[in-house]
Structure formats: structure tokens, C-alpha cells
$ cat coords-v3.tsv   # TSV, C-alpha atoms and all ligand atoms
chain	number	residue	atom	x	y	z
A	1	MET	CA	96.63	112.50	81.79
A	2	VAL	CA	99.38	113.93	79.56
A	3	GLY	CA	99.90	112.00	76.29
A	4	PHE	CA	103.48	110.94	75.54
A	5	ASP	CA	104.76	109.83	72.14
A	6	LEU	CA	106.78	106.91	73.46
A	7	ASP	CA	109.01	106.41	70.39
A	8	THR	CA	109.97	110.07	70.28
A	9	LEU	CA	110.65	110.22	74.00
A	10	ASN	CA	112.69	107.06	74.01
A	11	ARG	CA	114.81	108.35	71.13
A	12	LYS	CA	115.20	111.78	72.73
A	13	PHE	CA	116.44	110.50	76.11
A	14	THR	CA	118.62	107.58	75.03
A	15	GLN	CA	121.71	109.78	75.01
A	16	GLU	CA	120.72	111.84	78.05
A	17	ASP	CA	121.47	111.38	81.75
A	18	PRO	CA	118.66	109.75	83.80
A	19	GLU	CA	118.11	113.01	85.69
A	20	LYS	CA	117.05	114.76	82.48
A	21	LEU	CA	114.35	112.17	81.85
A	22	MET	CA	113.04	112.42	85.43
A	23	GLU	CA	113.05	116.22	85.28
A	24	TYR	CA	111.05	116.09	82.08
A	25	VAL	CA	108.50	113.63	83.48
A	26	LEU	CA	108.06	115.59	86.72
A	27	GLU	CA	107.55	118.80	84.78
A	28	LYS	CA	105.12	117.38	82.23
A	29	ILE	CA	103.05	115.22	84.57
A	30	GLY	CA	103.43	117.16	87.83
A	31	SER	CA	105.37	115.94	90.86
A	32	SER	CA	102.27	114.94	92.83
A	33	LYS	CA	101.30	112.40	90.14
A	34	VAL	CA	104.71	110.73	89.81
A	35	ALA	CA	106.29	108.37	92.36
A	36	LEU	CA	109.48	106.36	92.61
A	37	ALA	CA	109.09	102.75	93.73
A	38	SER	CA	111.96	101.94	96.06
A	39	SER	CA	112.95	98.55	97.41
A	40	LEU	CA	116.21	100.10	98.68
A	41	SER	CA	118.19	98.33	95.95
A	42	ILE	CA	121.33	100.07	94.68
A	43	GLU	CA	119.43	101.20	91.58
A	44	ASP	CA	116.59	102.59	93.68
A	45	GLN	CA	119.08	104.32	95.96
A	46	ILE	CA	120.62	106.03	92.93
A	47	LEU	CA	117.22	107.16	91.71
A	48	THR	CA	116.36	108.37	95.23
A	49	ASP	CA	119.54	110.44	95.27
A	50	MET	CA	118.87	111.87	91.81
A	51	LEU	CA	115.19	112.51	92.37
A	52	LEU	CA	115.54	114.26	95.72
A	53	LYS	CA	118.24	116.49	94.23
A	54	ILE	CA	115.75	117.48	91.53
A	55	ASN	CA	112.84	117.92	93.94
A	56	SER	CA	113.24	117.45	97.71
A	57	LYS	CA	109.49	116.81	98.01
A	58	ALA	CA	109.36	114.08	95.35
A	59	ARG	CA	107.21	111.05	96.17
A	60	ILE	CA	109.10	107.85	96.98
A	61	PHE	CA	107.25	104.79	98.20
A	62	PHE	CA	108.24	101.51	99.83
A	63	ILE	CA	106.16	98.34	99.92
A	64	ASP	CA	106.65	96.86	103.37
A	65	THR	CA	105.96	93.17	102.79
A	66	GLY	CA	106.84	92.39	106.41
A	67	ARG	CA	109.50	89.92	105.23
A	68	HIS	CA	112.39	92.25	104.38
A	69	PHE	CA	115.89	91.89	105.81
A	70	GLN	CA	116.56	93.84	109.02
A	71	LYS	CA	119.43	95.40	107.04
A	72	THR	CA	116.89	96.80	104.58
A	73	TYR	CA	115.00	98.54	107.39
A	74	ASP	CA	118.33	99.81	108.75
A	75	LEU	CA	119.16	101.24	105.32
A	76	MET	CA	115.73	102.84	105.16
A	77	GLU	CA	116.50	104.69	108.41
A	78	ARG	CA	119.90	105.80	107.16
A	79	THR	CA	118.45	107.00	103.86
A	80	MET	CA	115.69	108.98	105.58
A	81	ARG	CA	118.24	110.70	107.81
A	82	ARG	CA	120.68	111.38	104.98
A	83	TYR	CA	118.11	113.01	102.68
A	84	GLU	CA	115.73	114.30	105.39
A	85	PHE	CA	112.57	112.89	103.86
A	86	HIS	CA	109.90	110.29	104.59
A	87	TYR	CA	108.88	107.33	102.44
A	88	GLU	CA	105.27	106.68	101.66
A	89	VAL	CA	104.83	103.17	103.07
A	90	TYR	CA	102.26	100.69	101.81
A	91	ALA	CA	101.65	97.42	103.65
A	92	PRO	CA	99.53	94.32	102.98
A	93	GLU	CA	95.98	94.20	104.33
A	94	SER	CA	95.90	92.43	107.69
A	95	LYS	CA	93.02	90.17	106.53
A	96	ASP	CA	95.14	89.04	103.55
A	97	LEU	CA	98.07	88.10	105.78
A	98	GLU	CA	95.82	86.35	108.27
A	99	TYR	CA	94.31	84.30	105.44
A	100	LEU	CA	97.66	83.53	103.76
A	101	VAL	CA	99.46	82.35	106.85
A	102	SER	CA	96.47	80.57	108.43
A	103	GLU	CA	95.60	78.73	105.25
A	104	TYR	CA	99.06	77.92	103.85
A	105	GLY	CA	101.60	78.46	106.63
A	106	PRO	CA	104.35	81.08	107.04
A	107	ASN	CA	106.71	79.74	104.36
A	108	SER	CA	104.32	78.53	101.67
A	109	PHE	CA	106.32	80.34	98.95
A	110	TYR	CA	108.72	77.39	98.90
A	111	ASP	CA	105.94	74.90	98.18
A	112	SER	CA	104.93	75.90	94.62
A	113	VAL	CA	105.16	78.72	92.08
A	114	GLU	CA	101.43	79.33	92.60
A	115	LEU	CA	101.80	79.80	96.35
A	116	ARG	CA	104.89	81.96	95.86
A	117	LYS	CA	102.92	84.16	93.48
A	118	LYS	CA	100.01	84.28	95.92
A	119	CYS	CA	102.34	85.56	98.64
A	120	CYS	CA	103.82	88.17	96.25
A	121	GLU	CA	100.35	89.18	95.20
A	122	LEU	CA	99.06	89.75	98.73
A	123	ARG	CA	102.24	91.22	100.19
A	124	LYS	CA	103.43	93.28	97.20
A	125	VAL	CA	101.10	93.56	94.24
A	126	LYS	CA	97.95	94.59	96.09
A	127	PRO	CA	99.72	97.31	98.14
A	128	LEU	CA	101.38	98.46	94.91
A	129	GLN	CA	98.00	98.80	93.22
A	130	ARG	CA	96.85	101.11	96.00
A	131	VAL	CA	99.72	103.54	95.45
A	132	LEU	CA	99.64	103.32	91.67
A	133	HIS	CA	96.00	104.42	91.69
A	134	THR	CA	97.28	107.80	92.91
A	135	VAL	CA	99.79	108.47	90.09
A	136	ASP	CA	100.03	108.87	86.32
A	137	ALA	CA	103.61	107.53	86.18
A	138	TRP	CA	105.88	105.42	88.34
A	139	ILE	CA	109.65	105.40	88.25
A	140	CYS	CA	111.51	102.10	88.63
A	141	GLY	CA	115.15	101.05	88.91
A	142	LEU	CA	114.96	98.23	86.35
A	143	ARG	CA	117.94	97.62	84.07
A	144	ARG	CA	118.02	95.57	80.90
A	145	GLU	CA	121.02	93.49	81.90
A	146	GLN	CA	119.47	92.34	85.18
A	147	SER	CA	117.67	89.31	83.77
A	148	SER	CA	116.12	87.65	80.76
A	149	THR	CA	112.72	89.07	81.76
A	150	ARG	CA	114.05	92.65	81.55
A	151	GLU	CA	116.03	92.56	78.30
A	152	GLU	CA	113.49	94.59	76.34
A	153	ILE	CA	112.46	97.32	78.76
A	154	HIS	CA	112.46	100.94	77.55
A	155	LEU	CA	113.13	104.28	79.22
A	156	VAL	CA	109.47	105.21	78.96
A	157	GLU	CA	106.74	102.59	78.62
A	158	TRP	CA	103.00	102.30	78.88
A	159	ASP	CA	102.15	100.04	81.83
A	160	GLY	CA	98.99	98.36	80.61
A	161	ASN	CA	98.41	96.58	83.91
A	162	HIS	CA	97.99	99.84	85.77
A	163	SER	CA	97.11	102.20	82.90
A	164	ILE	CA	99.90	104.62	83.74
A	165	TYR	CA	103.39	105.35	82.40
A	166	LYS	CA	106.38	103.45	83.66
A	167	ILE	CA	109.73	105.22	83.64
A	168	ASN	CA	112.97	103.19	83.74
A	169	PRO	CA	115.72	105.85	83.79
A	170	LEU	CA	118.49	103.27	84.33
A	171	ALA	CA	117.28	100.85	81.63
A	172	PHE	CA	120.58	101.00	79.74
A	173	TRP	CA	123.00	101.29	82.66
A	174	ASN	CA	125.40	98.45	83.36
A	175	GLU	CA	126.49	97.36	86.82
A	176	GLU	CA	129.76	99.25	86.54
A	177	GLN	CA	127.93	102.54	85.98
A	178	VAL	CA	125.73	101.79	88.98
A	179	TRP	CA	128.68	101.34	91.32
A	180	GLU	CA	130.50	104.35	89.88
A	181	TYR	CA	127.53	106.57	90.73
A	182	ILE	CA	127.11	105.03	94.21
A	183	LYS	CA	130.76	105.74	95.03
A	184	LYS	CA	130.97	109.16	93.37
A	185	GLU	CA	127.88	110.49	95.18
A	186	ASN	CA	128.45	108.49	98.37
A	187	VAL	CA	124.95	107.05	98.14
A	188	PRO	CA	123.97	104.84	101.12
A	189	TYR	CA	123.50	101.20	100.14
A	190	SER	CA	122.87	97.86	101.79
A	191	ASN	CA	125.97	96.09	103.04
A	192	LEU	CA	124.33	92.86	101.87
A	193	TYR	CA	125.90	93.77	98.51
A	194	ASN	CA	129.32	93.34	100.14
A	195	THR	CA	128.53	89.70	100.93
A	196	GLY	CA	127.50	88.44	97.49
A	197	PHE	CA	123.92	89.68	97.21
A	198	ARG	CA	123.24	91.42	93.89
A	199	SER	CA	119.46	91.83	93.93
A	200	ILE	CA	117.70	92.19	97.25
A	201	GLY	CA	114.08	91.44	98.04
A	202	CYS	CA	112.36	89.64	100.89
A	203	GLU	CA	114.75	87.77	103.18
A	204	PRO	CA	113.36	84.22	102.72
A	205	CYS	CA	113.37	84.60	98.92
A	206	THR	CA	116.82	86.13	98.39
A	207	ARG	CA	120.28	84.67	98.62
A	208	ALA	CA	123.83	85.59	97.63
A	209	VAL	CA	125.01	84.63	94.12
A	210	LYS	CA	128.35	83.44	92.77
A	211	PRO	CA	130.56	85.62	90.52
A	212	GLY	CA	129.34	85.45	86.90
A	213	GLU	CA	125.81	84.39	87.80
A	214	ASP	CA	122.79	86.40	86.60
A	215	VAL	CA	122.03	89.37	88.90
A	216	ARG	CA	118.55	88.04	89.63
A	217	SER	CA	119.60	84.42	90.09
A	218	GLY	CA	119.55	84.83	93.88
A	219	ARG	CA	115.82	85.65	93.82
A	220	TRP	CA	113.44	82.66	94.11
A	221	TRP	CA	116.44	80.53	93.20
A	222	TRP	CA	114.35	77.35	93.34
A	223	GLU	CA	112.25	78.48	90.32
A	224	SER	CA	113.15	78.59	86.61
A	225	PRO	CA	114.49	81.96	85.31
A	226	ASP	CA	111.46	82.81	83.15
A	227	LYS	CA	109.16	82.82	86.21
A	228	LYS	CA	111.26	85.18	88.29
A	229	GLU	CA	109.10	88.24	88.58
A	230	CYS	CA	106.90	88.98	91.54
A	231	GLY	CA	104.08	90.56	89.60
A	232	LEU	CA	105.22	94.15	90.19
A	233	HIS	CA	106.85	94.36	86.76
A	234	LEU	CA	104.71	92.20	84.55
A	235	SER	CA	103.23	94.60	82.04
A	236	LYS	CA	100.73	94.02	79.34
A	237	PRO	CA	100.87	96.46	76.40
A	301	LIG	S1	109.35	87.77	97.73
A	301	LIG	FE1	108.84	85.94	98.96
A	301	LIG	S2	108.21	86.65	101.00
A	301	LIG	FE2	108.25	88.43	99.59
A	301	LIG	S3	106.18	88.63	98.93
A	301	LIG	FE3	107.19	87.36	97.37
A	301	LIG	S4	106.97	85.21	98.04
A	301	LIG	FE4	106.38	86.55	99.76

$ encode --input "coords-v3.tsv" --output "C-alpha cells" --more "lines below"
Ligand code: SF4
Amino acid sequence: MVGFDLDTLNRKFTQEDPEKLMEYVLEKIGSSKVALASSLSIEDQILTDMLLKINSKARIFFIDTGRHFQKTYDLMERTMRRYEFHYEVYAPESKDLEYLVSEYGPNSFYDSVELRKKCCELRKVKPLQRVLHTVDAWICGLRREQSSTREEIHLVEWDGNHSIYKINPLAFWNEEQVWEYIKKENVPYSNLYNTGFRSIGCEPCTRAVKPGEDVRSGRWWWESPDKKECGLHLSKP
């Protein structure tokens, strides 16, 4: 695997457009060993647009938890048609789902943080691990201002959980920049955003938020803010 000097890279790309960082990573690591994780959020849609303009064969994957909004699947269709590409799709193991639902019921995520994390682990984290075994770097749409758990993310990080690099090209973007890009490039996005949703995940665990509330406050709203990650983005150094 290529060795990056993280401090140097983070300094170098702070003033650059996100595309420049992604171009650099694709060139240094090789496009077959880099993949964008897309949940079809507005940030991921921007990165999809940018990435496919850089390389129309770039790898973009979607974790199909089986609990997404129908509107998310509709957007997936629209995005595939617009850019003429296919997502790599990773789904939970059937034996994991059979165990989870048989043992704890279909909506156990509301019962405790532990059961919510178990559901995220089986539906999201384990499928994610399968795809991350195939790459040296993954690209994510995280932004610092999204939540208290993301305030210190960098453009390029070492993901100690998966032993690969993690690239956050939009780390320093604010919400205004996000919408400017979406409108300027006519990027397809979920119309859930037009009805108060500001961060979209699985349907039973996502709700609309009020103006002024934290972007991620509509996710697992029954839990305290410091627990609101699903395990996909919890990195150890
Ligand atoms: S977000 Fe909710 S439904 Fe989706 S995997 Fe996590 S707990 Fe399960």
C-alpha cells in the first residue's frame, strides 16, 4: 500500500477543491483500490458527481440495509440512469438478519442502544467490512459541521479500524456550499430534504428536524448526541 504523509497531504489540499484531492488519491493508489461509500446523501451525491467526472469507472458502493426509504431506492435508480453506472451493492448476511429479527423482533433498535448498535453492526458494519477488505482507501461524505462526533475529521486520515486510508473531501464544506454545488451541477438528490430531513439513513431511524437543530439530530433521535454513530465512522488511530 502507498504510504501517505498525512500532515503534508492535509496541508496541501486544505485550499484545493475536493476534486483535486480525489484525483490525487486515485492516481497514487489506483482506481481499483479506492471506493466511494454512498448512502445517497446530498454529500455523497456531490462526491458521486465529482468522482464519475474524474473517472467514469470509479467504484461507488451502497450498503443495502433493507430498511432504507423507498425514496432512497428511487434516487438510486435516477442516479444510475443519470450517470450511466452501477453501484456495487453489499447486503447483510441472511443468517444475520434471520437471527436478529427472530431473536429480538423487527424493531429492536428502539429498545436499547445495545440493540440499535447490534442492528447497525449486522446490517451495515459487517457488509462494509466486506467491501473495505478490497480497497486501500475509502472516500466518505463526512463534514465537520454535521455533528459533535465529526468536529475533528481531516481530509485524509488513517482508518485504524480497517487499516486503510479514509478520505473526507468535503470535511470543511458548510451546508451552503453543499447546496450551491447541488444546484449548480443539477445533481439528483432525495426530495426528503425538501420536507425537513437533513441527514438520511434507514427509514425507522431517521426523522425530519426543525430549523436550527443539528444536522444529525434526526438520526436515532431517542439517543444522546455522543452515541449517534452507526459504527461505520468510528475510527481508532
Ligand atoms: S440505522 Fe436503524 S435500521 Fe438501519 S441498521 Fe442501524 S439500527 Fe438498523

$ closest_atom_pairs --input "coords-v3.tsv" --of "chain A" --to "ligand LIG 301 (chain A)" --cutoff "10 Å" --atoms "all atoms listed in the file" --output "JSON lines"
{"residue": "A:Ile63", "atom": "CA", "partner": "A:LIG301", "partner_atom": "S3", "distance": 9.8}
{"residue": "A:Asp64", "atom": "CA", "partner": "A:LIG301", "partner_atom": "S3", "distance": 9.4}
{"residue": "A:Thr65", "atom": "CA", "partner": "A:LIG301", "partner_atom": "S3", "distance": 6.0}
{"residue": "A:Gly66", "atom": "CA", "partner": "A:LIG301", "partner_atom": "S2", "distance": 8.0}
{"residue": "A:Arg67", "atom": "CA", "partner": "A:LIG301", "partner_atom": "S2", "distance": 5.5}
{"residue": "A:His68", "atom": "CA", "partner": "A:LIG301", "partner_atom": "FE2", "distance": 7.4}
{"residue": "A:Pro92", "atom": "CA", "partner": "A:LIG301", "partner_atom": "S3", "distance": 9.6}
{"residue": "A:Pro106", "atom": "CA", "partner": "A:LIG301", "partner_atom": "S2", "distance": 9.1}
{"residue": "A:Asn107", "atom": "CA", "partner": "A:LIG301", "partner_atom": "S2", "distance": 7.8}
{"residue": "A:Ser108", "atom": "CA", "partner": "A:LIG301", "partner_atom": "S4", "distance": 8.1}
{"residue": "A:Phe109", "atom": "CA", "partner": "A:LIG301", "partner_atom": "S4", "distance": 5.0}
{"residue": "A:Tyr110", "atom": "CA", "partner": "A:LIG301", "partner_atom": "S4", "distance": 8.1}
{"residue": "A:Val113", "atom": "CA", "partner": "A:LIG301", "partner_atom": "S4", "distance": 9.0}
{"residue": "A:Glu114", "atom": "CA", "partner": "A:LIG301", "partner_atom": "S4", "distance": 9.7}
{"residue": "A:Leu115", "atom": "CA", "partner": "A:LIG301", "partner_atom": "S4", "distance": 7.7}
{"residue": "A:Arg116", "atom": "CA", "partner": "A:LIG301", "partner_atom": "S4", "distance": 4.4}
{"residue": "A:Lys117", "atom": "CA", "partner": "A:LIG301", "partner_atom": "S4", "distance": 6.2}
{"residue": "A:Lys118", "atom": "CA", "partner": "A:LIG301", "partner_atom": "S4", "distance": 7.3}
{"residue": "A:Cys119", "atom": "CA", "partner": "A:LIG301", "partner_atom": "FE4", "distance": 4.3}
{"residue": "A:Cys120", "atom": "CA", "partner": "A:LIG301", "partner_atom": "S3", "distance": 3.6}
{"residue": "A:Glu121", "atom": "CA", "partner": "A:LIG301", "partner_atom": "S3", "distance": 6.9}
{"residue": "A:Leu122", "atom": "CA", "partner": "A:LIG301", "partner_atom": "S3", "distance": 7.2}
{"residue": "A:Arg123", "atom": "CA", "partner": "A:LIG301", "partner_atom": "S3", "distance": 4.9}
{"residue": "A:Lys124", "atom": "CA", "partner": "A:LIG301", "partner_atom": "S3", "distance": 5.7}
{"residue": "A:Val125", "atom": "CA", "partner": "A:LIG301", "partner_atom": "S3", "distance": 8.5}
{"residue": "A:Ile200", "atom": "CA", "partner": "A:LIG301", "partner_atom": "S1", "distance": 9.5}
{"residue": "A:Gly201", "atom": "CA", "partner": "A:LIG301", "partner_atom": "S1", "distance": 6.0}
{"residue": "A:Cys202", "atom": "CA", "partner": "A:LIG301", "partner_atom": "FE2", "distance": 4.5}
{"residue": "A:Glu203", "atom": "CA", "partner": "A:LIG301", "partner_atom": "S2", "distance": 7.0}
{"residue": "A:Pro204", "atom": "CA", "partner": "A:LIG301", "partner_atom": "S2", "distance": 5.9}
{"residue": "A:Cys205", "atom": "CA", "partner": "A:LIG301", "partner_atom": "FE1", "distance": 4.7}
{"residue": "A:Thr206", "atom": "CA", "partner": "A:LIG301", "partner_atom": "S1", "distance": 7.7}
{"residue": "A:Arg219", "atom": "CA", "partner": "A:LIG301", "partner_atom": "S1", "distance": 7.9}
{"residue": "A:Trp220", "atom": "CA", "partner": "A:LIG301", "partner_atom": "FE1", "distance": 7.4}
{"residue": "A:Lys228", "atom": "CA", "partner": "A:LIG301", "partner_atom": "S1", "distance": 10.0}
{"residue": "A:Glu229", "atom": "CA", "partner": "A:LIG301", "partner_atom": "FE3", "distance": 9.0}
{"residue": "A:Cys230", "atom": "CA", "partner": "A:LIG301", "partner_atom": "FE3", "distance": 6.1}
{"residue": "A:Gly231", "atom": "CA", "partner": "A:LIG301", "partner_atom": "FE3", "distance": 9.0}

$ atom_distance --input "coords-v3.tsv" --atom1 "CA of Glu145 (chain A)" --atom2 "CA of Ala58 (chain A)"
27.2 Å

$ atom_distance --input "coords-v3.tsv" --atom1 "CA of Arg144 (chain A)" --atom2 "CA of Phe172 (chain A)"
6.1 Å

$ closest_residue --input "coords-v3.tsv" --among "A:Ile54, A:Leu97, A:Leu21, A:Met1" --to "Tyr165 (chain A)" --atoms "only C-alpha atoms"
A:Met1

$ atom_distance --input "coords-v3.tsv" --atom1 "CA of Ser102 (chain A)" --atom2 "CA of Val131 (chain A)"
26.6 Å

$ closest_residue --input "coords-v3.tsv" --among "A:Val156, A:Ile60, A:Val89, A:Met76" --to "Asn168 (chain A)" --atoms "all atoms listed in the file"
A:Val156

$ residues_around --input "coords-v3.tsv" --residues "Glu93 (chain A)" --least-positions-apart "2" --cutoff "10 Å" --atoms "all atoms listed in the file" --output "NGL selection string"
:A and (90-91 or 95-98 or 122-123 or 126-127)

$ closest_residue --input "coords-v3.tsv" --among "A:Ile46, A:Glu77, A:His162, A:Arg150" --to "Lys183 (chain A)" --atoms "only C-alpha atoms"
A:Ile46

$ closest_residue --input "coords-v3.tsv" --among "A:Lys33, A:His154, A:Lys20, A:Lys57" --to "Leu6 (chain A)" --atoms "all atoms listed in the file"
A:His154

$ closest_residue --input "coords-v3.tsv" --among "A:Leu192, A:Leu128, A:Met22, A:Leu232" --to "Val209 (chain A)" --atoms "only C-alpha atoms"
A:Leu192

$ residues_around --input "coords-v3.tsv" --residues "Ile164 (chain A)" --least-positions-apart "4" --cutoff "7 Å" --atoms "all atoms listed in the file" --output "NGL selection string"
:A and (136-137 or 158-159)

$ closest_residue --input "coords-v3.tsv" --among "A:Leu155, A:Lys166, A:Asp214, A:Ser199" --to "Phe13 (chain A)" --atoms "only C-alpha atoms"
A:Leu155

$ residues_near_point --input "coords-v3.tsv" --point "(125.8, 93.8, 96.4)" --cutoff "12 Å" --atoms "only C-alpha atoms" --output "short mmCIF file (atom, residue, chain, number, x, y, z; two decimals) with C-alpha atoms, in the frame of the given file"
data_model
loop_
_atom_site.label_atom_id
_atom_site.label_comp_id
_atom_site.auth_asym_id
_atom_site.auth_seq_id
_atom_site.Cartn_x
_atom_site.Cartn_y
_atom_site.Cartn_z
CA LEU A 40 116.21 100.10 98.68
CA SER A 41 118.19 98.33 95.95
CA ILE A 42 121.33 100.07 94.68
CA GLU A 43 119.43 101.20 91.58
CA GLU A 175 126.49 97.36 86.82
CA GLU A 176 129.76 99.25 86.54
CA VAL A 178 125.73 101.79 88.98
CA TRP A 179 128.68 101.34 91.32
CA ILE A 182 127.11 105.03 94.21
CA TYR A 189 123.50 101.20 100.14
CA SER A 190 122.87 97.86 101.79
CA ASN A 191 125.97 96.09 103.04
CA LEU A 192 124.33 92.86 101.87
CA TYR A 193 125.90 93.77 98.51
CA ASN A 194 129.32 93.34 100.14
CA THR A 195 128.53 89.70 100.93
CA GLY A 196 127.50 88.44 97.49
CA PHE A 197 123.92 89.68 97.21
CA ARG A 198 123.24 91.42 93.89
CA SER A 199 119.46 91.83 93.93
CA ILE A 200 117.70 92.19 97.25
CA THR A 206 116.82 86.13 98.39
CA ARG A 207 120.28 84.67 98.62
CA ALA A 208 123.83 85.59 97.63
CA VAL A 209 125.01 84.63 94.12
CA LYS A 210 128.35 83.44 92.77
CA PRO A 211 130.56 85.62 90.52
CA VAL A 215 122.03 89.37 88.90
CA ARG A 216 118.55 88.04 89.63
CA GLY A 218 119.55 84.83 93.88
#

$ residues_around --input "coords-v3.tsv" --residues "region 85-88 of chain A" --least-positions-apart "3" --cutoff "8 Å" --atoms "all atoms listed in the file" --output "list in words"
Ser56, Lys57, Arg59, Ile60, Phe61, Phe62, Met80 and Arg81 of chain A

$ decode --input "coords-v3.tsv" --residues "region 150-183 of chain A" --atoms "C-alpha atoms" --output "mmCIF file, in the first residue's frame"
data_model
loop_
_atom_site.group_PDB
_atom_site.id
_atom_site.type_symbol
_atom_site.label_atom_id
_atom_site.label_comp_id
_atom_site.auth_asym_id
_atom_site.auth_seq_id
_atom_site.Cartn_x
_atom_site.Cartn_y
_atom_site.Cartn_z
ATOM 1 C CA ARG A 150 -17.349 14.758 13.361
ATOM 2 C CA GLU A 151 -15.809 18.049 14.503
ATOM 3 C CA GLU A 152 -12.232 16.828 14.213
ATOM 4 C CA ILE A 153 -12.213 14.848 10.983
ATOM 5 C CA HIS A 154 -9.462 15.547 8.420
ATOM 6 C CA LEU A 155 -9.298 15.442 4.635
ATOM 7 C CA VAL A 156 -7.077 12.387 4.748
ATOM 8 C CA GLU A 157 -6.985 10.067 7.763
ATOM 9 C CA TRP A 158 -5.732 6.650 8.715
ATOM 10 C CA ASP A 159 -8.721 4.423 9.486
ATOM 11 C CA GLY A 160 -7.323 2.184 12.192
ATOM 12 C CA ASN A 161 -10.448 0.034 12.326
ATOM 13 C CA HIS A 162 -10.000 -1.119 8.755
ATOM 14 C CA SER A 163 -6.277 -0.440 8.240
ATOM 15 C CA ILE A 164 -6.864 1.685 5.159
ATOM 16 C CA TYR A 165 -6.976 5.411 4.384
ATOM 17 C CA LYS A 166 -10.163 7.366 4.779
ATOM 18 C CA ILE A 167 -10.683 10.376 2.535
ATOM 19 C CA ASN A 168 -13.169 13.102 3.528
ATOM 20 C CA PRO A 169 -13.025 15.576 0.609
ATOM 21 C CA LEU A 170 -15.928 17.668 1.977
ATOM 22 C CA ALA A 171 -14.627 17.822 5.563
ATOM 23 C CA PHE A 172 -14.535 21.628 5.578
ATOM 24 C CA TRP A 173 -17.606 22.361 3.461
ATOM 25 C CA ASN A 174 -20.600 24.040 5.047
ATOM 26 C CA GLU A 175 -24.208 23.304 4.159
ATOM 27 C CA GLU A 176 -24.432 26.371 1.940
ATOM 28 C CA GLN A 177 -21.558 25.140 -0.233
ATOM 29 C CA VAL A 178 -23.244 21.751 -0.484
ATOM 30 C CA TRP A 179 -26.484 23.204 -1.822
ATOM 31 C CA GLU A 180 -24.646 25.586 -4.139
ATOM 32 C CA TYR A 181 -22.887 22.642 -5.789
ATOM 33 C CA ILE A 182 -26.096 20.562 -5.978
ATOM 34 C CA LYS A 183 -27.906 23.392 -7.765
#
